file target.csv (CSV, C-alpha atoms)
chain,number,residue,atom,x,y,z
O,1,MET,CA,106.2,-48.4,187.6
O,2,ILE,CA,102.7,-48.3,189.2
O,3,LEU,CA,100.6,-51.4,190.0
O,4,PRO,CA,97.3,-51.6,188.0
O,5,ILE,CA,94.1,-50.7,189.9
O,6,SER,CA,92.7,-54.2,188.9
O,7,TYR,CA,95.2,-55.6,191.4
O,8,ASN,CA,93.6,-53.7,194.3
O,9,LEU,CA,90.0,-54.5,193.1
O,10,ARG,CA,90.9,-58.2,193.1
O,11,ASN,CA,92.3,-58.1,196.6
O,12,LEU,CA,89.2,-56.4,197.9
O,13,ALA,CA,87.0,-59.0,196.2
O,14,VAL,CA,89.0,-61.9,197.7
O,15,ARG,CA,88.5,-60.4,201.2
O,16,ARG,CA,84.8,-59.8,200.6
O,17,THR,CA,83.6,-60.3,204.1
O,18,THR,CA,86.2,-58.0,205.7
O,19,THR,CA,85.7,-55.5,202.9
O,20,ALA,CA,81.9,-55.5,203.4
O,21,MET,CA,82.2,-55.0,207.2
O,22,THR,CA,84.7,-52.2,206.9
O,23,ALA,CA,82.7,-50.5,204.1
O,24,LEU,CA,79.5,-50.8,206.2
O,25,GLY,CA,81.2,-49.1,209.2
O,26,ILE,CA,82.3,-46.2,206.9
O,27,GLY,CA,78.9,-46.1,205.3
O,28,LEU,CA,77.1,-45.7,208.6
O,29,THR,CA,79.4,-42.8,209.6
O,30,VAL,CA,78.7,-41.2,206.2
O,31,ALA,CA,75.0,-41.7,206.6
O,32,VAL,CA,75.0,-40.0,210.0
O,33,LEU,CA,76.8,-37.0,208.6
O,34,GLY,CA,74.6,-36.9,205.6
O,35,ALA,CA,71.4,-37.0,207.7
O,36,SER,CA,72.5,-34.1,209.9
O,37,PHE,CA,73.4,-32.0,206.8
O,38,ALA,CA,70.0,-33.0,205.2
O,39,LEU,CA,68.2,-31.5,208.2
O,40,VAL,CA,70.2,-28.3,208.2
O,41,ASP,CA,70.0,-27.9,204.4
O,42,GLY,CA,66.3,-28.6,204.4
O,43,LEU,CA,65.7,-25.9,207.0
O,44,ARG,CA,68.0,-23.4,205.3
O,45,LEU,CA,66.4,-23.9,201.9
O,46,ALA,CA,62.9,-23.7,203.3
O,47,LEU,CA,63.6,-20.4,205.1
O,48,GLU,CA,65.8,-18.8,202.4
O,49,ALA,CA,63.0,-19.5,199.9
O,50,SER,CA,60.4,-17.9,202.2
O,51,GLY,CA,59.3,-14.3,202.1
O,52,HIS,CA,58.3,-12.1,199.2
O,53,PRO,CA,61.1,-10.0,197.7
O,54,LEU,CA,58.9,-6.9,197.9
O,55,ASN,CA,57.5,-7.4,201.4
O,56,VAL,CA,58.9,-5.4,204.4
O,57,LEU,CA,58.4,-6.6,207.9
O,58,VAL,CA,58.2,-3.8,210.5
O,59,THR,CA,58.7,-4.4,214.2
O,60,ARG,CA,59.5,-2.3,217.3
O,61,LYS,CA,63.1,-1.2,217.2
O,62,GLY,CA,65.5,-3.6,218.9
O,63,SER,CA,63.1,-6.6,218.5
O,64,GLU,CA,64.8,-9.7,217.0
O,65,SER,CA,61.4,-11.4,216.4
O,66,GLU,CA,57.7,-10.6,216.0
O,67,LEU,CA,57.0,-12.5,219.2
O,68,ALA,CA,59.2,-10.1,221.2
O,69,SER,CA,57.9,-7.0,219.5
O,70,ASN,CA,55.4,-4.6,221.1
O,71,PHE,CA,54.1,-2.8,218.0
O,72,GLU,CA,51.5,-0.1,218.7
O,73,ARG,CA,48.4,0.3,216.5
O,74,ARG,CA,48.9,4.1,216.4
O,75,VAL,CA,52.3,3.5,214.8
O,76,PHE,CA,50.7,1.4,212.1
O,77,ASP,CA,48.1,4.1,211.4
O,78,ASP,CA,51.1,6.5,210.7
O,79,LEU,CA,53.2,4.2,208.6
O,80,LYS,CA,50.6,2.6,206.3
O,81,PHE,CA,50.4,5.7,204.1
O,82,LYS,CA,54.2,6.0,203.6
O,83,PRO,CA,55.3,6.6,200.0
O,84,GLY,CA,56.4,3.4,198.2
O,85,ILE,CA,53.7,1.1,199.6
O,86,ALA,CA,51.8,-0.7,196.9
O,87,ARG,CA,48.0,-0.4,196.7
O,88,ASN,CA,45.3,-3.0,195.8
O,89,ALA,CA,42.6,-2.7,193.2
O,90,ASN,CA,40.5,-0.6,195.6
O,91,GLY,CA,43.3,1.8,196.2
O,92,ASP,CA,43.9,0.6,199.8
O,93,PRO,CA,47.6,0.3,200.9
O,94,LEU,CA,48.9,-3.2,201.0
O,95,ALA,CA,49.8,-3.0,204.7
O,96,SER,CA,48.6,-5.5,207.3
O,97,LEU,CA,48.8,-5.0,211.1
O,98,GLU,CA,49.5,-8.4,212.7
O,99,VAL,CA,49.8,-10.1,216.0
O,100,VAL,CA,51.7,-13.3,216.6
O,101,THR,CA,51.3,-15.7,219.6
O,102,VAL,CA,52.2,-19.2,220.4
O,103,ILE,CA,49.9,-22.1,221.3
O,104,ASN,CA,50.5,-25.7,222.1
O,105,LEU,CA,49.2,-28.5,219.9
O,106,ILE,CA,49.3,-32.3,220.5
O,107,SER,CA,50.2,-34.8,217.8
O,108,GLU,CA,51.3,-38.4,217.6
O,109,GLU,CA,54.9,-37.3,217.2
O,110,PHE,CA,54.6,-34.9,220.2
O,111,PRO,CA,52.1,-36.3,222.7
O,112,GLU,CA,53.1,-33.6,225.2
O,113,GLY,CA,52.5,-31.0,222.6
O,114,ALA,CA,54.6,-28.6,220.5
O,115,ASN,CA,54.6,-24.8,220.1
O,116,VAL,CA,52.8,-23.5,216.9
O,117,ASN,CA,52.5,-19.9,215.7
O,118,VAL,CA,49.1,-18.3,215.5
O,119,ARG,CA,49.0,-15.2,213.4
O,120,GLY,CA,46.2,-12.7,213.4
O,121,VAL,CA,46.0,-10.8,210.2
O,122,MET,CA,43.8,-8.1,208.5
O,123,PRO,CA,41.9,-9.1,205.4
O,124,VAL,CA,44.6,-7.3,203.3
O,125,GLY,CA,47.1,-9.6,204.9
O,126,LEU,CA,45.8,-12.4,202.8
O,127,GLU,CA,46.2,-10.2,199.7
O,128,ILE,CA,49.9,-9.6,200.6
O,129,ARG,CA,50.3,-13.4,201.0
O,130,ASP,CA,49.2,-14.0,197.4
O,131,ASP,CA,51.5,-17.0,197.2
O,132,ALA,CA,49.2,-18.9,199.6
O,133,ARG,CA,46.4,-21.0,197.9
O,134,LEU,CA,43.5,-22.8,199.5
O,135,ALA,CA,44.1,-26.6,199.5
O,136,GLU,CA,40.9,-27.4,201.3
O,137,GLY,CA,37.9,-25.5,202.7
O,138,ARG,CA,37.9,-21.7,202.8
O,139,TRP,CA,39.6,-18.7,204.4
O,140,PHE,CA,38.5,-17.6,207.9
O,141,THR,CA,35.7,-15.0,208.2
O,142,PRO,CA,36.7,-11.7,209.8
O,143,GLY,CA,35.1,-11.2,213.2
O,144,ARG,CA,34.6,-14.9,213.9
O,145,ARG,CA,36.6,-17.5,215.8
O,146,GLU,CA,37.7,-19.3,212.7
O,147,ALA,CA,41.1,-20.4,211.6
O,148,THR,CA,42.7,-21.4,208.3
O,149,VAL,CA,45.8,-23.5,208.9
O,150,GLY,CA,49.0,-24.1,206.9
O,151,SER,CA,49.4,-27.4,205.2
O,152,SER,CA,52.2,-28.5,207.4
O,153,ILE,CA,50.1,-27.8,210.5
O,154,ALA,CA,47.1,-29.8,209.1
O,155,ARG,CA,49.4,-32.7,208.2
O,156,ARG,CA,51.2,-33.0,211.5
O,157,TYR,CA,48.4,-32.1,214.0
O,158,PRO,CA,45.1,-34.1,213.9
O,159,GLU,CA,43.2,-31.5,216.0
O,160,ALA,CA,44.0,-28.7,213.4
O,161,ARG,CA,42.1,-30.2,210.5
O,162,PRO,CA,39.0,-28.9,208.8
O,163,GLY,CA,35.9,-29.5,210.9
O,164,LYS,CA,37.9,-29.7,214.2
O,165,LYS,CA,38.2,-27.0,216.8
O,166,ILE,CA,41.3,-25.6,218.5
O,167,ARG,CA,41.0,-24.1,222.0
O,168,PHE,CA,43.1,-21.0,222.8
O,169,GLY,CA,42.4,-17.5,223.9
O,170,ARG,CA,38.9,-17.2,225.3
O,171,GLY,CA,37.3,-20.0,223.4
O,172,ASP,CA,37.3,-22.6,220.6
O,173,TRP,CA,38.3,-21.7,217.1
O,174,GLU,CA,36.8,-23.7,214.2
O,175,VAL,CA,39.3,-24.8,211.5
O,176,VAL,CA,37.6,-24.0,208.2
O,177,GLY,CA,40.3,-24.5,205.7
O,178,VAL,CA,43.9,-25.4,204.8
O,179,TYR,CA,46.2,-23.3,202.7
O,180,HIS,CA,49.5,-24.2,201.0
O,181,SER,CA,52.3,-21.8,200.1
O,182,VAL,CA,55.4,-22.4,198.0
O,183,GLN,CA,57.1,-20.6,200.9
O,184,MET,CA,57.6,-23.5,203.3
O,185,ALA,CA,57.8,-21.4,206.5
O,186,ARG,CA,54.3,-19.9,205.9
O,187,ASN,CA,52.8,-23.4,206.1
O,188,SER,CA,53.7,-23.7,209.7
O,189,GLU,CA,51.3,-21.0,210.8
O,190,ILE,CA,47.6,-20.7,211.8
O,191,LEU,CA,45.9,-17.6,210.3
O,192,VAL,CA,43.0,-16.0,212.1
O,193,ASP,CA,41.3,-12.6,212.3
O,194,LEU,CA,43.5,-9.9,213.8
O,195,ASN,CA,40.8,-8.1,215.9
O,196,GLN,CA,39.3,-11.3,217.2
O,197,VAL,CA,42.5,-12.8,218.4
O,198,ALA,CA,43.8,-9.5,219.7
O,199,ALA,CA,40.6,-9.1,221.8
O,200,ASP,CA,41.0,-12.7,223.1
O,201,PHE,CA,44.5,-12.0,224.3
O,202,GLY,CA,43.9,-8.4,225.5
O,203,ARG,CA,46.2,-6.9,222.9
O,204,GLU,CA,43.9,-4.5,221.1
O,205,SER,CA,46.4,-1.6,221.2
O,206,VAL,CA,49.8,-3.4,221.4
O,207,LEU,CA,50.4,-6.0,218.7
O,208,SER,CA,53.4,-7.6,217.1
O,209,SER,CA,54.3,-6.2,213.6
O,210,ALA,CA,53.2,-4.8,210.3
O,211,LEU,CA,53.7,-6.5,206.9
O,212,VAL,CA,53.8,-4.1,203.9
O,213,ARG,CA,54.3,-4.6,200.2
O,214,ALA,CA,56.5,-2.2,198.4
O,215,SER,CA,55.5,-1.1,194.9
O,216,ASP,CA,58.7,-2.1,193.2
O,217,PRO,CA,62.3,-3.1,194.1
O,218,VAL,CA,63.6,0.5,194.2
O,219,ALA,CA,60.8,1.5,196.4
O,220,HIS,CA,61.4,-1.5,198.6
O,221,GLN,CA,64.8,-0.4,199.8
O,222,ALA,CA,63.7,3.3,200.0
O,223,LEU,CA,60.8,2.3,202.1
O,224,ILE,CA,63.0,0.4,204.5
O,225,ASN,CA,65.4,3.4,204.8
O,226,ASP,CA,62.4,5.8,205.3
O,227,LEU,CA,60.9,3.7,208.1
O,228,GLU,CA,64.3,3.2,209.8
O,229,ALA,CA,65.0,6.9,209.7
O,230,ASP,CA,61.6,8.1,211.0
O,231,THR,CA,62.3,8.7,214.7
O,232,ARG,CA,58.6,9.2,215.5
O,233,LEU,CA,57.9,5.6,214.6
O,234,ASN,CA,60.8,4.0,216.5
O,235,VAL,CA,60.6,0.9,214.3
O,236,GLN,CA,62.9,-1.7,212.8
O,237,ALA,CA,62.3,-2.5,209.1
O,238,ARG,CA,63.8,-5.4,207.2
O,239,SER,CA,63.1,-7.4,204.1
O,240,GLU,CA,60.8,-10.3,204.9
O,241,LYS,CA,63.2,-12.6,203.1
O,242,GLU,CA,66.0,-11.4,205.4
O,243,TYR,CA,63.9,-12.1,208.4
O,244,TYR,CA,63.3,-15.7,207.5
O,245,ALA,CA,66.9,-16.2,206.4
O,246,GLN,CA,68.1,-15.1,209.9
O,247,GLN,CA,66.2,-18.0,211.4
O,248,THR,CA,68.5,-20.6,209.9
O,249,SER,CA,70.6,-20.4,213.0
O,250,SER,CA,68.1,-22.8,214.5
O,251,GLY,CA,69.8,-25.6,212.5
O,252,ASP,CA,73.3,-24.8,213.7
O,253,LEU,CA,73.0,-27.0,216.8
O,254,ILE,CA,71.9,-29.9,214.6
O,255,ARG,CA,74.9,-29.4,212.3
O,256,TYR,CA,77.3,-29.3,215.2
O,257,LEU,CA,75.9,-32.3,217.0
O,258,GLY,CA,75.7,-34.3,213.8
O,259,THR,CA,79.3,-33.4,212.9
O,260,VAL,CA,80.6,-34.3,216.4
O,261,VAL,CA,78.8,-37.7,216.3
O,262,ALA,CA,80.1,-38.4,212.8
O,263,LEU,CA,83.6,-37.5,213.8
O,264,ILE,CA,83.4,-39.8,216.8
O,265,MET,CA,82.2,-42.6,214.6
O,266,ALA,CA,84.9,-41.7,212.0
O,267,VAL,CA,87.6,-42.5,214.6
O,268,GLY,CA,86.2,-46.0,214.9
O,269,SER,CA,85.8,-46.3,211.1
O,270,CYS,CA,89.4,-45.2,210.6
O,271,PHE,CA,90.6,-47.9,213.0
O,272,GLY,CA,88.4,-50.4,211.2
O,273,ALA,CA,90.0,-49.5,207.8
O,274,MET,CA,93.5,-49.5,209.5
O,275,ASN,CA,93.0,-53.0,210.9
O,276,THR,CA,91.7,-54.2,207.6
O,277,MET,CA,94.8,-52.9,205.8
O,278,TYR,CA,97.2,-54.1,208.5
O,279,ALA,CA,95.7,-57.6,208.1
O,280,ALA,CA,96.1,-57.3,204.4
O,281,VAL,CA,99.8,-56.3,204.7
O,282,ALA,CA,100.4,-59.3,207.1
O,283,ARG,CA,98.7,-61.8,204.8
O,284,ARG,CA,100.4,-60.5,201.7
O,285,SER,CA,104.1,-60.2,202.9
O,286,LYS,CA,105.3,-62.8,200.4
O,287,GLU,CA,103.3,-61.0,197.7
O,288,ILE,CA,104.9,-57.7,198.6
O,289,GLY,CA,108.3,-59.3,198.5
O,290,THR,CA,107.6,-60.7,195.0
O,291,LEU,CA,106.4,-57.3,193.8
O,292,ARG,CA,109.7,-55.8,195.0
O,293,VAL,CA,111.7,-58.6,193.2
O,294,LEU,CA,109.7,-57.8,190.0
O,295,GLY,CA,111.0,-54.2,190.2
O,296,PHE,CA,108.1,-52.3,191.9
O,297,SER,CA,109.5,-49.5,194.0
O,298,ARG,CA,108.7,-48.7,197.7
O,299,ALA,CA,106.7,-45.7,196.5
O,300,ALA,CA,104.6,-47.9,194.1
O,301,ILE,CA,103.8,-50.3,197.0
O,302,LEU,CA,102.8,-47.4,199.2
O,303,VAL,CA,100.6,-45.8,196.5
O,304,SER,CA,99.0,-49.2,195.8
O,305,PHE,CA,98.0,-50.0,199.4
O,306,LEU,CA,96.9,-46.4,200.0
O,307,LEU,CA,94.8,-46.6,196.8
O,308,GLU,CA,93.3,-49.9,198.1
O,309,SER,CA,92.2,-48.2,201.3
O,310,LEU,CA,90.7,-45.3,199.3
O,311,LEU,CA,88.8,-47.7,197.2
O,312,LEU,CA,87.4,-49.4,200.3
O,313,ALA,CA,86.4,-46.0,201.7
O,314,ALA,CA,84.8,-45.0,198.4
O,315,LEU,CA,82.7,-48.1,198.6
O,316,GLY,CA,81.7,-47.2,202.1
O,317,GLY,CA,81.0,-43.6,201.0
O,318,ILE,CA,78.7,-44.8,198.2
O,319,LEU,CA,76.9,-47.1,200.6
O,320,GLY,CA,76.4,-44.3,203.1
O,321,ILE,CA,74.9,-42.0,200.5
O,322,VAL,CA,72.6,-44.8,199.4
O,323,LEU,CA,71.5,-45.4,203.0
O,324,VAL,CA,70.7,-41.7,203.6
O,325,LEU,CA,68.9,-41.0,200.3
O,326,PRO,CA,65.5,-42.3,201.5
O,327,VAL,CA,65.3,-39.4,204.0
O,328,HIS,CA,65.2,-36.9,201.1
O,329,GLY,CA,61.8,-35.2,201.0
O,330,LEU,CA,60.7,-36.4,204.4
O,331,THR,CA,58.9,-33.7,206.4
O,332,THR,CA,60.0,-32.9,210.0
O,333,GLY,CA,59.9,-29.9,212.3
O,334,ILE,CA,62.4,-28.0,214.5
O,335,GLY,CA,61.8,-25.4,217.1
O,336,SER,CA,63.0,-22.0,216.1
O,337,PHE,CA,65.1,-19.9,218.6
O,338,THR,CA,63.6,-16.8,217.0
O,339,THR,CA,59.9,-17.6,217.0
O,340,PHE,CA,59.9,-20.2,219.8
O,341,ALA,CA,57.6,-22.3,217.6
O,342,GLU,CA,58.0,-25.2,215.4
O,343,ILE,CA,58.9,-24.8,211.7
O,344,ALA,CA,58.1,-27.7,209.4
O,345,PHE,CA,60.3,-28.4,206.5
O,346,GLN,CA,61.5,-31.2,204.2
O,347,LEU,CA,64.9,-32.9,204.5
O,348,LYS,CA,67.1,-32.2,201.5
O,349,ILE,CA,70.0,-34.3,200.2
O,350,THR,CA,71.7,-31.9,197.9
O,351,PRO,CA,74.6,-32.7,195.5
O,352,GLN,CA,76.8,-30.6,197.8
O,353,THR,CA,75.9,-32.8,200.7
O,354,MET,CA,76.6,-36.0,198.8
O,355,ALA,CA,80.0,-34.6,197.6
O,356,MET,CA,81.0,-33.6,201.2
O,357,ALA,CA,79.9,-37.0,202.5
O,358,PHE,CA,81.9,-38.8,199.8
O,359,LEU,CA,85.0,-36.7,200.5
O,360,PHE,CA,84.6,-37.4,204.2
O,361,ALA,CA,84.7,-41.1,203.5
O,362,LEU,CA,87.8,-40.7,201.4
O,363,ALA,CA,89.4,-38.8,204.2
O,364,MET,CA,88.7,-41.7,206.6
O,365,GLY,CA,90.2,-44.1,204.0
O,366,ALA,CA,93.3,-42.0,203.7
O,367,LEU,CA,93.8,-41.7,207.4
O,368,GLY,CA,93.1,-45.4,208.0
O,369,GLY,CA,95.3,-46.6,205.2
O,370,LEU,CA,98.4,-44.4,205.4
O,371,LEU,CA,100.2,-46.2,208.2
O,372,PRO,CA,99.6,-49.8,206.8
O,373,ALA,CA,100.6,-48.6,203.4
O,374,PHE,CA,103.8,-47.1,204.8
O,375,GLN,CA,104.6,-50.3,206.7
O,376,ALA,CA,104.1,-52.4,203.5
O,377,SER,CA,106.4,-50.1,201.5
O,378,ARG,CA,109.2,-50.4,204.2
O,379,LYS,CA,109.3,-54.2,204.2
O,380,GLU,CA,112.7,-55.6,203.2
O,381,ILE,CA,112.5,-58.0,200.3
O,382,LEU,CA,114.1,-61.0,202.1
O,383,THR,CA,112.1,-60.4,205.2
O,384,ALA,CA,108.9,-60.2,203.3
O,385,LEU,CA,109.6,-63.4,201.4
O,386,ARG,CA,110.6,-65.2,204.6
O,387,GLU,CA,107.3,-64.0,206.4
O,388,GLY,CA,105.2,-65.4,203.6
call {"tool": "encode", "arguments": {"input": "target.csv", "output": "structure tokens"}}
result
Amino acid sequence: MILPISYNLRNLAVRRTTTAMTALGIGLTVAVLGASFALVDGLRLALEASGHPLNVLVTRKGSESELASNFERRVFDDLKFKPGIARNANGDPLASLEVVTVINLISEEFPEGANVNVRGVMPVGLEIRDDARLAEGRWFTPGRREATVGSSIARRYPEARPGKKIRFGRGDWEVVGVYHSVQMARNSEILVDLNQVAADFGRESVLSSALVRASDPVAHQALINDLEADTRLNVQARSEKEYYAQQTSSGDLIRYLGTVVALIMAVGSCFGAMNTMYAAVARRSKEIGTLRVLGFSRAAILVSFLLESLLLAALGGILGIVLVLPVHGLTTGIGSFTTFAEIAFQLKITPQTMAMAFLFALAMGALGGLLPAFQASRKEILTALREG
């Protein structure tokens, strides 16, 4: 015979202050875990959603990032006519030679400044980035020190807004527009004219990479194979989507740190739940004895007290999820170990994160309630009635 769940709910309601304090402790632990996973999931989703499925990023062989790649202009002149590369309305190949560098921008969040990617592109590079749309102003004019910044840059850095000037290279660059892309990672870049920025940094011959658009999915893989196999070029070719997806490792440290902090807090929460349940067992000795007289078995007593601890943990889990939900959609940034620049993204509370957080709360409840439940089930009837 099993005790009804209403019995456990009534006992939690009677001890409302203790119940609330224990649930709050579990809830805060769940909130910490949920926040760390929201950061990691937001970064992962932003990067995995970035990159066009037909784009191929070409760097020098052995380079893990564009920043570390020394890509020669002569190599680009050879590869841009490779079969499988799409062409625009004018018949020109959709291939853009590009240079990537890092500058430091100051914001209210980072008074000492943070690294931001500046990308020099050819005019055809804007055609390849056809997912980017102007949100304000206009695109930069080739040959001028003008910049069009991503929406994340404009939002986070006051000096990178239309009408302002950014100083890098050999002079000031006027911000003439803001673009927004559905691919979040693109919004963390400043786009400028390739030849102008290359001249400013003395990189006219040795740049960073080439971005090319394949004509179709079949040609996409064939183009990658062709570029990789061409020993004259000595390049590494990969899908643009793959390149961005590889950068999710930047969030691993956050996941580990958040999990460690949550586990440390979980130990305290488990002890809190354990103390609550031990106190309940001590106060309800006579009640336990009465239940045994009424015919409830030791197993029924154990299950009942364990269920009560799980209900307490479930309340804490729900509270923790409610506490962490407001961070969903907030924009933040993290330094990438691949690009050494900040990537802006939105925090995401996914259904999987909520499920994991809730299960984590139940695990705390189970660990915290097991020993008190076992103690309650082992009480002798006469001893329990005498203690009451």
call {"tool": "atom_distance", "arguments": {"input": "target.csv", "atom1": "CA of Thr29 (chain O)", "atom2": "CA of Ser377 (chain O)"}}
result
29.1 Å
call {"tool": "atom_distance", "arguments": {"input": "target.csv", "atom1": "CA of Leu194 (chain O)", "atom2": "CA of Glu98 (chain O)"}}
result
6.3 Å
call {"tool": "residues_around", "arguments": {"input": "target.csv", "residues": "Pro217 (chain O)", "least_positions_apart": "6", "cutoff": "10 Å", "atoms": "all atoms listed in the file", "output": "MDAnalysis selection string"}}
result
chainID O and resid 53:55 84 223
call {"tool": "closest_residue", "arguments": {"input": "target.csv", "among": "O:Val124, O:Phe71, O:Ala219, O:Ile153", "to": "Gly91 (chain O)", "atoms": "all atoms listed in the file"}}
result
O:Val124
call {"tool": "atom_distance", "arguments": {"input": "target.csv", "atom1": "CA of Leu211 (chain O)", "atom2": "CA of Val56 (chain O)"}}
result
5.9 Å
call {"tool": "closest_residue", "arguments": {"input": "target.csv", "among": "O:Ala95, O:Val149, O:Glu127, O:Pro158", "to": "Ser107 (chain O)", "atoms": "only C-alpha atoms"}}
result
O:Pro158
call {"tool": "closest_atom_pairs", "arguments": {"input": "target.csv", "of": "region 141-245 of chain O", "to": "region 85-88 of chain O", "cutoff": "6 Å", "atoms": "only C-alpha atoms", "output": "Markdown table"}}
result
| residue | atom | partner | partner_atom | distance |
| --- | --- | --- | --- | --- |
| O:Arg213 | CA | O:Ala86 | CA | 5.7 |
| O:Ala214 | CA | O:Ile85 | CA | 4.5 |
| O:Ser215 | CA | O:Ala86 | CA | 4.2 |
call {"tool": "closest_residue", "arguments": {"input": "target.csv", "among": "O:Ala237, O:Ala366, O:Ile321, O:Val178", "to": "Met354 (chain O)", "atoms": "only C-alpha atoms"}}
result
O:Ile321
call {"tool": "closest_residue", "arguments": {"input": "target.csv", "among": "O:Glu72, O:Glu136, O:Asp200, O:Glu189", "to": "Gly163 (chain O)", "atoms": "only C-alpha atoms"}}
result
O:Glu136
call {"tool": "closest_residue", "arguments": {"input": "target.csv", "among": "O:Asn195, O:Asp92, O:Phe305, O:Gln221", "to": "Ala279 (chain O)", "atoms": "all atoms listed in the file"}}
result
O:Phe305
call {"tool": "closest_residue", "arguments": {"input": "target.csv", "among": "O:Ala114, O:Val192, O:Ile2, O:Met21", "to": "Ser269 (chain O)", "atoms": "only C-alpha atoms"}}
result
O:Met21
call {"tool": "build_atoms", "arguments": {"input": "target.csv", "residues": "region 56-62 of chain O", "atoms": "all heavy atoms", "output": "compact mmCIF listing (two decimals), in the coordinates of the input"}}
result
# COMPACT_ATOMS: atom_id res chain seq x y z
N VAL O 56 58.06 -6.00 203.28
CA VAL O 56 58.90 -5.40 204.40
C VAL O 56 58.18 -5.74 205.68
O VAL O 56 56.99 -5.49 205.86
CB VAL O 56 59.00 -3.89 204.20
CG1 VAL O 56 59.77 -3.30 205.37
CG2 VAL O 56 59.69 -3.55 202.88
N LEU O 57 58.95 -6.33 206.60
CA LEU O 57 58.40 -6.60 207.90
C LEU O 57 58.87 -5.53 208.88
O LEU O 57 60.06 -5.20 208.97
CB LEU O 57 58.96 -7.98 208.41
CG LEU O 57 58.47 -8.43 209.79
CD1 LEU O 57 56.99 -8.75 209.75
CD2 LEU O 57 59.26 -9.63 210.29
N VAL O 58 57.92 -4.96 209.60
CA VAL O 58 58.20 -3.80 210.50
C VAL O 58 57.89 -4.27 211.93
O VAL O 58 56.77 -4.73 212.22
CB VAL O 58 57.36 -2.60 210.13
CG1 VAL O 58 57.82 -1.40 210.95
CG2 VAL O 58 57.45 -2.30 208.64
N THR O 59 58.86 -4.14 212.82
CA THR O 59 58.70 -4.40 214.20
C THR O 59 59.20 -3.27 215.07
O THR O 59 59.79 -2.33 214.55
CB THR O 59 59.46 -5.72 214.62
OG1 THR O 59 60.85 -5.55 214.28
CG2 THR O 59 58.92 -6.95 213.89
N ARG O 60 58.98 -3.37 216.38
CA ARG O 60 59.50 -2.30 217.30
C ARG O 60 61.03 -2.38 217.20
O ARG O 60 61.63 -3.45 217.12
CB ARG O 60 59.03 -2.55 218.69
CG ARG O 60 59.50 -1.49 219.68
CD ARG O 60 58.92 -1.74 221.07
NE ARG O 60 59.28 -3.07 221.55
CZ ARG O 60 60.42 -3.38 222.15
NH1 ARG O 60 61.35 -2.45 222.30
NH2 ARG O 60 60.65 -4.60 222.59
N LYS O 61 61.67 -1.22 217.26
CA LYS O 61 63.10 -1.20 217.20
C LYS O 61 63.77 -1.98 218.29
O LYS O 61 63.36 -1.92 219.45
CB LYS O 61 63.61 0.30 217.25
CG LYS O 61 65.10 0.48 216.97
CD LYS O 61 65.47 1.94 216.94
CE LYS O 61 64.94 2.64 215.70
NZ LYS O 61 65.60 2.16 214.46
N GLY O 62 64.77 -2.77 217.90
CA GLY O 62 65.50 -3.60 218.90
C GLY O 62 64.90 -5.00 219.00
O GLY O 62 65.49 -5.85 219.67
